[in-house]
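What's in input_16.pdb: PDB, C-alpha atoms and all ligand atoms
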```pdb
ATOM      1  CA  MET A  25      54.016 -55.624  28.992
ATOM      2  CA  LEU A  26      52.669 -53.500  26.153
ATOM      3  CA  LYS A  27      53.015 -56.364  23.716
ATOM      4  CA  ILE A  28      51.306 -58.684  26.141
ATOM      5  CA  THR A  29      48.456 -56.240  26.580
ATOM      6  CA  PHE A  30      47.938 -55.922  22.856
ATOM      7  CA  LYS A  31      48.272 -59.513  21.755
ATOM      8  CA  PHE A  32      46.741 -61.284  24.685
ATOM      9  CA  PHE A  33      44.220 -58.817  25.923
ATOM     10  CA  PHE A  34      43.172 -56.538  23.134
ATOM     11  CA  MET A  35      42.764 -59.085  20.330
ATOM     12  CA  PRO A  36      40.770 -61.606  22.390
ATOM     13  CA  ALA A  37      38.803 -58.675  23.798
ATOM     14  CA  VAL A  38      37.776 -57.692  20.275
ATOM     15  CA  ALA A  39      36.739 -61.269  19.523
ATOM     16  CA  LEU A  40      34.810 -61.490  22.765
ATOM     17  CA  GLY A  41      33.209 -58.114  22.117
ATOM     18  CA  LEU A  42      31.941 -59.262  18.726
ATOM     19  CA  THR A  43      30.617 -62.481  20.232
ATOM     20  CA  MET A  44      28.829 -60.517  22.927
ATOM     21  CA  LEU A  45      27.312 -58.187  20.354
ATOM     22  CA  VAL A  46      25.991 -61.104  18.283
ATOM     23  CA  MET A  47      24.649 -62.897  21.364
ATOM     24  CA  ASN A  48      23.022 -59.685  22.508
ATOM     25  CA  LEU A  49      21.367 -59.100  19.127
ATOM     26  CA  LEU A  50      20.238 -62.711  18.690
ATOM     27  CA  PHE A  51      19.237 -63.688  22.196
ATOM     28  CA  GLY A  52      19.342 -60.519  24.277
ATOM     29  CA  VAL A  53      22.109 -62.093  26.324
ATOM     30  CA  LYS A  54      24.622 -59.962  28.187
ATOM     31  CA  ILE A  55      27.634 -62.158  28.860
ATOM     32  CA  VAL A  56      30.215 -60.039  30.582
ATOM     33  CA  PRO A  57      29.271 -58.242  33.806
ATOM     34  CA  GLU A  58      30.575 -54.889  35.028
ATOM     35  CA  GLY A  59      34.197 -54.698  36.071
ATOM     36  CA  SER A  60      35.231 -57.730  34.119
ATOM     37  CA  VAL A  61      37.826 -56.006  31.951
ATOM     38  CA  GLU A  62      40.475 -56.133  34.644
ATOM     39  CA  ALA A  63      39.568 -59.714  35.415
ATOM     40  CA  MET A  64      39.918 -60.631  31.772
ATOM     41  CA  GLU A  65      43.283 -58.881  31.535
ATOM     42  CA  LYS A  66      44.498 -60.898  34.485
ATOM     43  CA  PHE A  67      43.199 -64.061  32.922
ATOM     44  CA  MET A  68      45.069 -63.235  29.724
ATOM     45  CA  GLN A  69      48.237 -62.839  31.741
ATOM     46  CA  GLY A  70      47.799 -66.273  33.202
ATOM     47  CA  GLU A  71      46.710 -65.245  36.644
ATOM     48  CA  ASP A  72      43.780 -66.750  38.445
ATOM     49  CA  ILE A  73      41.311 -63.934  39.039
ATOM     50  CA  SER A  74      40.549 -65.302  42.491
ATOM     51  CA  ALA A  75      44.015 -64.068  43.515
ATOM     52  CA  GLU A  76      42.467 -60.889  44.896
ATOM     53  CA  SER A  77      40.586 -62.861  47.500
ATOM     54  CA  GLY A  78      43.645 -64.879  48.452
ATOM     55  CA  GLN A  79      42.155 -68.106  47.169
ATOM     56  CA  ALA A  80      44.491 -68.620  44.218
ATOM     57  CA  SER A  81      46.852 -71.535  44.236
ATOM     58  CA  ILE A  82      49.903 -69.498  43.313
ATOM     59  CA  GLY A  83      53.243 -70.969  44.283
ATOM     60  CA  GLY A  84      54.638 -74.433  44.685
ATOM     61  CA  ASP A  85      57.741 -76.556  44.512
ATOM     62  CA  PHE A  86      60.809 -75.601  42.535
ATOM     63  CA  MET A  87      64.389 -76.837  42.322
ATOM     64  CA  LEU A  88      66.848 -74.411  40.773
ATOM     65  CA  THR A  89      70.418 -73.109  41.049
ATOM     66  CA  ASN A  90      71.262 -69.668  42.437
ATOM     67  CA  GLN A  91      73.831 -67.164  41.188
ATOM     68  CA  HIS A  92      76.405 -68.606  43.606
ATOM     69  CA  GLY A  93      76.016 -72.141  42.252
ATOM     70  CA  ASP A  94      73.982 -73.534  45.139
ATOM     71  CA  VAL A  95      71.076 -75.850  44.396
ATOM     72  CA  ILE A  96      68.024 -74.143  45.870
ATOM     73  CA  SER A  97      64.507 -75.415  46.422
ATOM     74  CA  ASN A  98      61.461 -73.693  47.852
ATOM     75  CA  ALA A  99      62.002 -75.722  51.032
ATOM     76  CA  ASP A 100      65.209 -73.732  51.704
ATOM     77  CA  PHE A 101      63.084 -70.653  52.389
ATOM     78  CA  LYS A 102      60.656 -72.284  54.767
ATOM     79  CA  GLY A 103      60.144 -70.044  57.778
ATOM     80  CA  LYS A 104      60.838 -66.893  55.785
ATOM     81  CA  LEU A 105      58.706 -64.645  53.648
ATOM     82  CA  MET A 106      59.530 -64.627  49.948
ATOM     83  CA  LEU A 107      59.152 -61.871  47.395
ATOM     84  CA  VAL A 108      59.118 -63.837  44.149
ATOM     85  CA  TYR A 109      59.625 -62.196  40.765
ATOM     86  CA  PHE A 110      60.057 -63.776  37.336
ATOM     87  CA  GLY A 111      61.924 -62.033  34.527
ATOM     88  CA  PHE A 112      65.146 -62.039  32.559
ATOM     89  CA  ALA A 113      68.434 -60.174  32.653
ATOM     90  CA  HIS A 114      68.156 -58.833  29.088
ATOM     91  CA  CYS A 115      64.834 -57.147  29.916
ATOM     92  CA  PRO A 116      65.255 -53.499  28.894
ATOM     93  CA  ASP A 117      62.936 -51.774  31.320
ATOM     94  CA  VAL A 118      60.288 -53.784  33.151
ATOM     95  CA  CYS A 119      62.495 -56.121  35.164
ATOM     96  CA  PRO A 120      65.139 -53.529  36.131
ATOM     97  CA  ILE A 121      62.438 -51.268  37.569
ATOM     98  CA  ASP A 122      60.821 -54.008  39.621
ATOM     99  CA  LEU A 123      64.127 -55.476  40.799
ATOM    100  CA  ALA A 124      65.237 -51.977  41.831
ATOM    101  CA  ASN A 125      61.952 -51.441  43.684
ATOM    102  CA  ILE A 126      62.312 -54.748  45.507
ATOM    103  CA  SER A 127      65.902 -53.826  46.357
ATOM    104  CA  ALA A 128      64.847 -50.430  47.696
ATOM    105  CA  ALA A 129      62.066 -52.041  49.722
ATOM    106  CA  MET A 130      64.515 -54.507  51.283
ATOM    107  CA  GLU A 131      66.864 -51.660  52.224
ATOM    108  CA  MET A 132      63.969 -49.881  53.936
ATOM    109  CA  LEU A 133      63.529 -52.821  56.306
ATOM    110  CA  SER A 134      65.541 -53.157  59.516
ATOM    111  CA  GLU A 135      68.315 -55.764  59.664
ATOM    112  CA  GLU A 136      66.059 -57.927  61.791
ATOM    113  CA  GLU A 137      63.234 -57.676  59.286
ATOM    114  CA  GLN A 138      65.532 -58.275  56.321
ATOM    115  CA  ALA A 139      66.642 -61.547  57.885
ATOM    116  CA  GLN A 140      63.054 -62.771  57.629
ATOM    117  CA  VAL A 141      62.494 -61.920  53.965
ATOM    118  CA  VAL A 142      64.103 -63.477  50.883
ATOM    119  CA  PRO A 143      63.724 -61.715  47.547
ATOM    120  CA  VAL A 144      63.779 -64.325  44.782
ATOM    121  CA  PHE A 145      64.373 -63.584  41.104
ATOM    122  CA  ILE A 146      63.627 -66.526  38.810
ATOM    123  CA  THR A 147      64.673 -66.255  35.188
ATOM    124  CA  VAL A 148      62.317 -67.122  32.353
ATOM    125  CA  ASP A 149      65.336 -67.095  29.997
ATOM    126  CA  PRO A 150      67.652 -69.832  31.272
ATOM    127  CA  ALA A 151      69.441 -70.108  27.899
ATOM    128  CA  ARG A 152      71.058 -66.717  28.425
ATOM    129  CA  ASP A 153      70.670 -66.343  32.183
ATOM    130  CA  THR A 154      73.304 -68.806  33.285
ATOM    131  CA  GLN A 155      74.542 -68.858  36.854
ATOM    132  CA  ALA A 156      77.491 -66.657  35.851
ATOM    133  CA  ALA A 157      75.291 -64.222  33.920
ATOM    134  CA  LEU A 158      72.948 -63.861  36.889
ATOM    135  CA  ALA A 159      75.883 -63.360  39.276
ATOM    136  CA  THR A 160      76.994 -60.373  37.201
ATOM    137  CA  TYR A 161      73.484 -59.023  36.663
ATOM    138  CA  MET A 162      72.551 -59.157  40.339
ATOM    139  CA  GLU A 163      75.507 -56.967  41.322
ATOM    140  CA  SER A 164      73.194 -54.060  40.486
ATOM    141  CA  PHE A 165      70.597 -55.120  43.052
ATOM    142  CA  TYR A 166      70.081 -56.021  46.719
ATOM    143  CA  ARG A 167      72.863 -58.329  47.860
ATOM    144  CA  GLY A 168      70.455 -60.753  49.537
ATOM    145  CA  PHE A 169      68.640 -61.581  46.318
ATOM    146  CA  GLN A 170      68.407 -65.236  45.363
ATOM    147  CA  ALA A 171      68.668 -65.232  41.568
ATOM    148  CA  LEU A 172      67.633 -68.619  40.254
ATOM    149  CA  THR A 173      68.142 -70.432  36.980
ATOM    150  CA  GLY A 174      68.192 -74.031  35.803
ATOM    151  CA  SER A 175      67.180 -76.230  32.914
ATOM    152  CA  GLN A 176      64.257 -75.095  30.785
ATOM    153  CA  GLU A 177      62.177 -77.803  32.429
ATOM    154  CA  GLN A 178      63.094 -76.648  35.942
ATOM    155  CA  VAL A 179      62.280 -73.056  35.057
ATOM    156  CA  ASP A 180      59.012 -74.077  33.410
ATOM    157  CA  THR A 181      58.007 -75.958  36.551
ATOM    158  CA  ALA A 182      58.573 -72.874  38.686
ATOM    159  CA  ALA A 183      56.816 -70.560  36.239
ATOM    160  CA  LYS A 184      53.839 -72.882  36.019
ATOM    161  CA  ALA A 185      53.556 -73.071  39.800
ATOM    162  CA  TYR A 186      53.370 -69.283  39.962
ATOM    163  CA  ARG A 187      51.105 -69.053  36.922
ATOM    164  CA  VAL A 188      53.631 -66.918  35.155
ATOM    165  CA  TYR A 189      53.223 -66.215  31.486
ATOM    166  CA  ALA A 190      56.483 -66.164  29.515
ATOM    167  CA  LYS A 191      57.087 -66.406  25.785
ATOM    168  CA  LYS A 192      60.123 -66.010  23.566
ATOM    169  CA  VAL A 193      59.746 -63.337  20.900
ATOM    170  CA  GLU A 194      62.145 -63.218  17.968
ATOM    171  CA  MET A 195      63.210 -59.767  16.822
ATOM    172  CA  ALA A 196      63.056 -59.245  13.068
ATOM    173  CA  GLY A 197      66.499 -58.805  11.552
ATOM    174  CA  MET A 198      68.290 -59.362  14.854
ATOM    175  CA  ASP A 199      70.000 -62.311  16.455
ATOM    176  CA  ASP A 200      68.634 -61.181  19.788
ATOM    177  CA  TYR A 201      65.262 -62.083  21.198
ATOM    178  CA  MET A 202      62.964 -60.793  23.897
ATOM    179  CA  MET A 203      60.865 -62.544  26.496
ATOM    180  CA  GLU A 204      57.306 -61.427  26.972
ATOM    181  CA  HIS A 205      56.401 -62.139  30.552
ATOM    182  CA  SER A 206      53.950 -61.260  33.262
ATOM    183  CA  ALA A 207      55.481 -59.038  35.908
ATOM    184  CA  TYR A 208      53.899 -59.587  39.288
ATOM    185  CA  ILE A 209      55.772 -59.635  42.579
ATOM    186  CA  TYR A 210      54.404 -62.427  44.753
ATOM    187  CA  LEU A 211      54.543 -62.191  48.535
ATOM    188  CA  MET A 212      54.684 -65.708  49.914
ATOM    189  CA  GLY A 213      54.273 -66.635  53.575
ATOM    190  CA  ARG A 214      56.644 -68.506  55.886
ATOM    191  CA  ASP A 215      54.838 -71.703  54.917
ATOM    192  CA  GLY A 216      55.317 -70.979  51.212
ATOM    193  CA  VAL A 217      51.669 -70.112  50.748
ATOM    194  CA  TYR A 218      50.621 -67.135  48.644
ATOM    195  CA  ILE A 219      49.668 -64.024  50.623
ATOM    196  CA  LYS A 220      49.305 -61.301  48.007
ATOM    197  CA  HIS A 221      50.916 -59.841  44.932
ATOM    198  CA  PHE A 222      52.180 -56.477  43.819
ATOM    199  CA  ARG A 223      52.169 -55.085  40.320
ATOM    200  CA  HIS A 224      54.824 -53.837  37.952
ATOM    201  CA  ASN A 225      56.071 -50.436  39.058
ATOM    202  CA  ASP A 226      54.507 -50.607  42.534
ATOM    203  CA  ALA A 227      56.588 -48.308  44.748
ATOM    204  CA  PRO A 228      59.003 -49.678  47.363
ATOM    205  CA  GLU A 229      56.779 -48.186  50.081
ATOM    206  CA  VAL A 230      53.901 -50.338  48.865
ATOM    207  CA  LEU A 231      56.071 -53.439  49.012
ATOM    208  CA  VAL A 232      57.317 -52.542  52.493
ATOM    209  CA  GLU A 233      53.785 -52.057  53.777
ATOM    210  CA  GLY A 234      52.759 -55.452  52.413
ATOM    211  CA  VAL A 235      55.808 -57.213  53.790
ATOM    212  CA  LYS A 236      55.506 -55.628  57.233
ATOM    213  CA  SER A 237      51.883 -56.630  57.515
ATOM    214  CA  ALA A 238      52.972 -60.253  56.955
ATOM    215  CA  LEU A 239      55.959 -60.271  59.328
TER     216      LEU A 239
HETATM  217 NI    NI A 301      61.147 -58.091  32.153
END
```
Written as structure tokens, how would this file's structure read?
Amino acid sequence: MLKITFKFFFMPAVALGLTMLVMNLLFGVKIVPEGSVEAMEKFMQGEDISAESGQASIGGDFMLTNQHGDVISNADFKGKLMLVYFGFAHCPDVCPIDLANISAAMEMLSEEEQAQVVPVFITVDPARDTQAALATYMESFYRGFQALTGSQEQVDTAAKAYRVYAKKVEMAGMDDYMMEHSAYIYLMGRDGVYIKHFRHNDAPEVLVEGVKSAL
């Protein structure tokens, strides 16, 4: 997230700032209105800024394979709420925190409520996150999680539908690599339509409140 903020928010912000300054000096034009910094950050992370008003077209069709080897599409969750999160199993800190928060939120729901909500983890690193790798990784989290992987194309389709930003980053002098990725938790309705999103590190109580209001 820090890398994303620097490369995709700060640098363009500097460029935009210089442009604004020049425009202001030359033509007296003020381009960016108040409160636009957050909007720009969201834009840099690939999210439609109209998301706040519920108008964003976040979500869509996907066809992937879960950690148990079952072929899963979005249609399999029709009639249930989804909590959708994109990440990767090698993520050192961001993903584990959010997956743990989603897990804790699920455990705070009653059995009856849990039956109506499917937490979905979709990898942005299918090369390493095979079905077997996800099966092992998800042992640390809520048992009802659907952890999904597939071909790069299948994963890209899902990520694009959710407007998720993900990029492979090579580590100098190491065989390993990281994935930069946006880290929103999307609450999707029983019809598969976007309701709202939560942010990285939002507490389980916040997730529970959002979910309950949609049940
Ligand atoms: Ni992550």
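Here the question is which of A:Arg152, A:Lys236, A:Arg223, A:His114 gets nearest to ligand NI 301 (chain A) using all atoms listed in the file, and that residue is A:His114.
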| field | Site check for ligand NI 301 (chain A): residues at most 7 Å away, only C-alpha atoms and all ligand atoms, as an NGL selection string | value | :A and (111-112 or 115-119 or 205 or 207)
Export, as a PDB file, in the frame of the given file, the selected residues with C-alpha atoms.
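Printed below is result01.pdb as written:
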```pdb
ATOM      1  CA  GLY A 111      61.924 -62.033  34.527  1.00  0.00           C
ATOM      2  CA  PHE A 112      65.146 -62.039  32.559  1.00  0.00           C
ATOM      3  CA  CYS A 115      64.834 -57.147  29.916  1.00  0.00           C
ATOM      4  CA  PRO A 116      65.255 -53.499  28.894  1.00  0.00           C
ATOM      5  CA  ASP A 117      62.936 -51.774  31.320  1.00  0.00           C
ATOM      6  CA  VAL A 118      60.288 -53.784  33.151  1.00  0.00           C
ATOM      7  CA  CYS A 119      62.495 -56.121  35.164  1.00  0.00           C
ATOM      8  CA  HIS A 205      56.401 -62.139  30.552  1.00  0.00           C
ATOM      9  CA  ALA A 207      55.481 -59.038  35.908  1.00  0.00           C
TER      10      ALA A 207
END
```
| Atomic distance CA of Ile219 (chain A) - CA of Ala238 (chain A), expressed in Å with one decimal | 8.1 Å
| task | Apply the PyMOL selection byres (((chain A and resi 189) around 8) and not hetatm) to the displayed file and report the matching residues as a ChimeraX atom specification. | result | /A:69-70,183,187-188,190-191,204-206
From (58.9, -58.3, 60.4), in the file's coordinates, out to 10 Å: which residues are reached, counting only C-alpha atoms? Answer as a compact mmCIF listing (two decimals) with C-alpha atoms, keeping the file's coordinate frame.
```
# COMPACT_ATOMS: atom_id res chain seq x y z
CA LYS A 104 60.84 -66.89 55.78
CA LEU A 105 58.71 -64.64 53.65
CA LEU A 133 63.53 -52.82 56.31
CA SER A 134 65.54 -53.16 59.52
CA GLU A 135 68.32 -55.76 59.66
CA GLU A 136 66.06 -57.93 61.79
CA GLU A 137 63.23 -57.68 59.29
CA GLN A 138 65.53 -58.28 56.32
CA ALA A 139 66.64 -61.55 57.88
CA GLN A 140 63.05 -62.77 57.63
CA VAL A 141 62.49 -61.92 53.96
CA VAL A 232 57.32 -52.54 52.49
CA VAL A 235 55.81 -57.21 53.79
CA LYS A 236 55.51 -55.63 57.23
CA SER A 237 51.88 -56.63 57.52
CA ALA A 238 52.97 -60.25 56.96
CA LEU A 239 55.96 -60.27 59.33
```
| message | Residue by residue, what does the PyMOL selection byres (((chain A and resi 153) around 12) and not hetatm) grab here? Present the result as a ChimeraX atom specification. | response | /A:89-91,111-115,145-152,154-162,171-176,179,203
Go ahead and find all residues with at least one atom no further than 10 Å from (49.8, -72.3, 52.2) in the file's coordinates, using only C-alpha atoms; report them as an mmCIF file with C-alpha atoms, keeping the file's coordinate frame.
```cif
data_model
loop_
_atom_site.group_PDB
_atom_site.id
_atom_site.type_symbol
_atom_site.label_atom_id
_atom_site.label_comp_id
_atom_site.auth_asym_id
_atom_site.auth_seq_id
_atom_site.Cartn_x
_atom_site.Cartn_y
_atom_site.Cartn_z
ATOM 1 C CA SER A 81 46.852 -71.535 44.236
ATOM 2 C CA ILE A 82 49.903 -69.498 43.313
ATOM 3 C CA GLY A 83 53.243 -70.969 44.283
ATOM 4 C CA GLY A 84 54.638 -74.433 44.685
ATOM 5 C CA MET A 212 54.684 -65.708 49.914
ATOM 6 C CA GLY A 213 54.273 -66.635 53.575
ATOM 7 C CA ARG A 214 56.644 -68.506 55.886
ATOM 8 C CA ASP A 215 54.838 -71.703 54.917
ATOM 9 C CA GLY A 216 55.317 -70.979 51.212
ATOM 10 C CA VAL A 217 51.669 -70.112 50.748
ATOM 11 C CA TYR A 218 50.621 -67.135 48.644
ATOM 12 C CA ILE A 219 49.668 -64.024 50.623
#
```
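The smallest atom-to-atom distance between Ala128 (chain A) and any of A:Gly168, A:Tyr186, A:Lys102, A:Tyr210, using all atoms listed in the file, is found for A:Gly168.
Among A:Ile126, A:Arg167, A:Val95, A:Phe86, the residue with the shortest atom-to-atom distance to Tyr109 (chain A), counting all atoms listed in the file, is A:Ile126.
In terms of minimum interatomic distance to Met106 (chain A), A:Val144 ranks closest within A:Leu88, A:Met202, A:Val144, A:Ala182, counting only C-alpha atoms.
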Listed atoms of region 177-188 of chain A boxed along x, y and z, 6 Å each side, centre and edge lengths in Å, one decimal, as AutoDock Vina command-line options:
```
--center_x 57.1 --center_y -72.4 --center_z 36.2 --size_x 24.0 --size_y 22.9 --size_z 19.5
```
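Residue nearest Val108 (chain A) within the list A:Ala196, A:Leu211, A:Ala124, A:Ile96: A:Leu211 [criterion: smallest interatomic distance, only C-alpha atoms].
Using only C-alpha atoms, the smallest distance between any of A:Gly234, A:His92, A:Met198, A:Lys220 and Phe169 (chain A) comes from A:His92.
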| message | To one decimal place in Å, what is the distance between CA of Val230 (chain A) and CA of Pro143 (chain A)? | response | 15.1 Å
| task | Go ahead and compute the interatomic distance for CA of Met87 (chain A) and CA of Gln178 (chain A), in Å to one decimal. | result | 6.5 Å
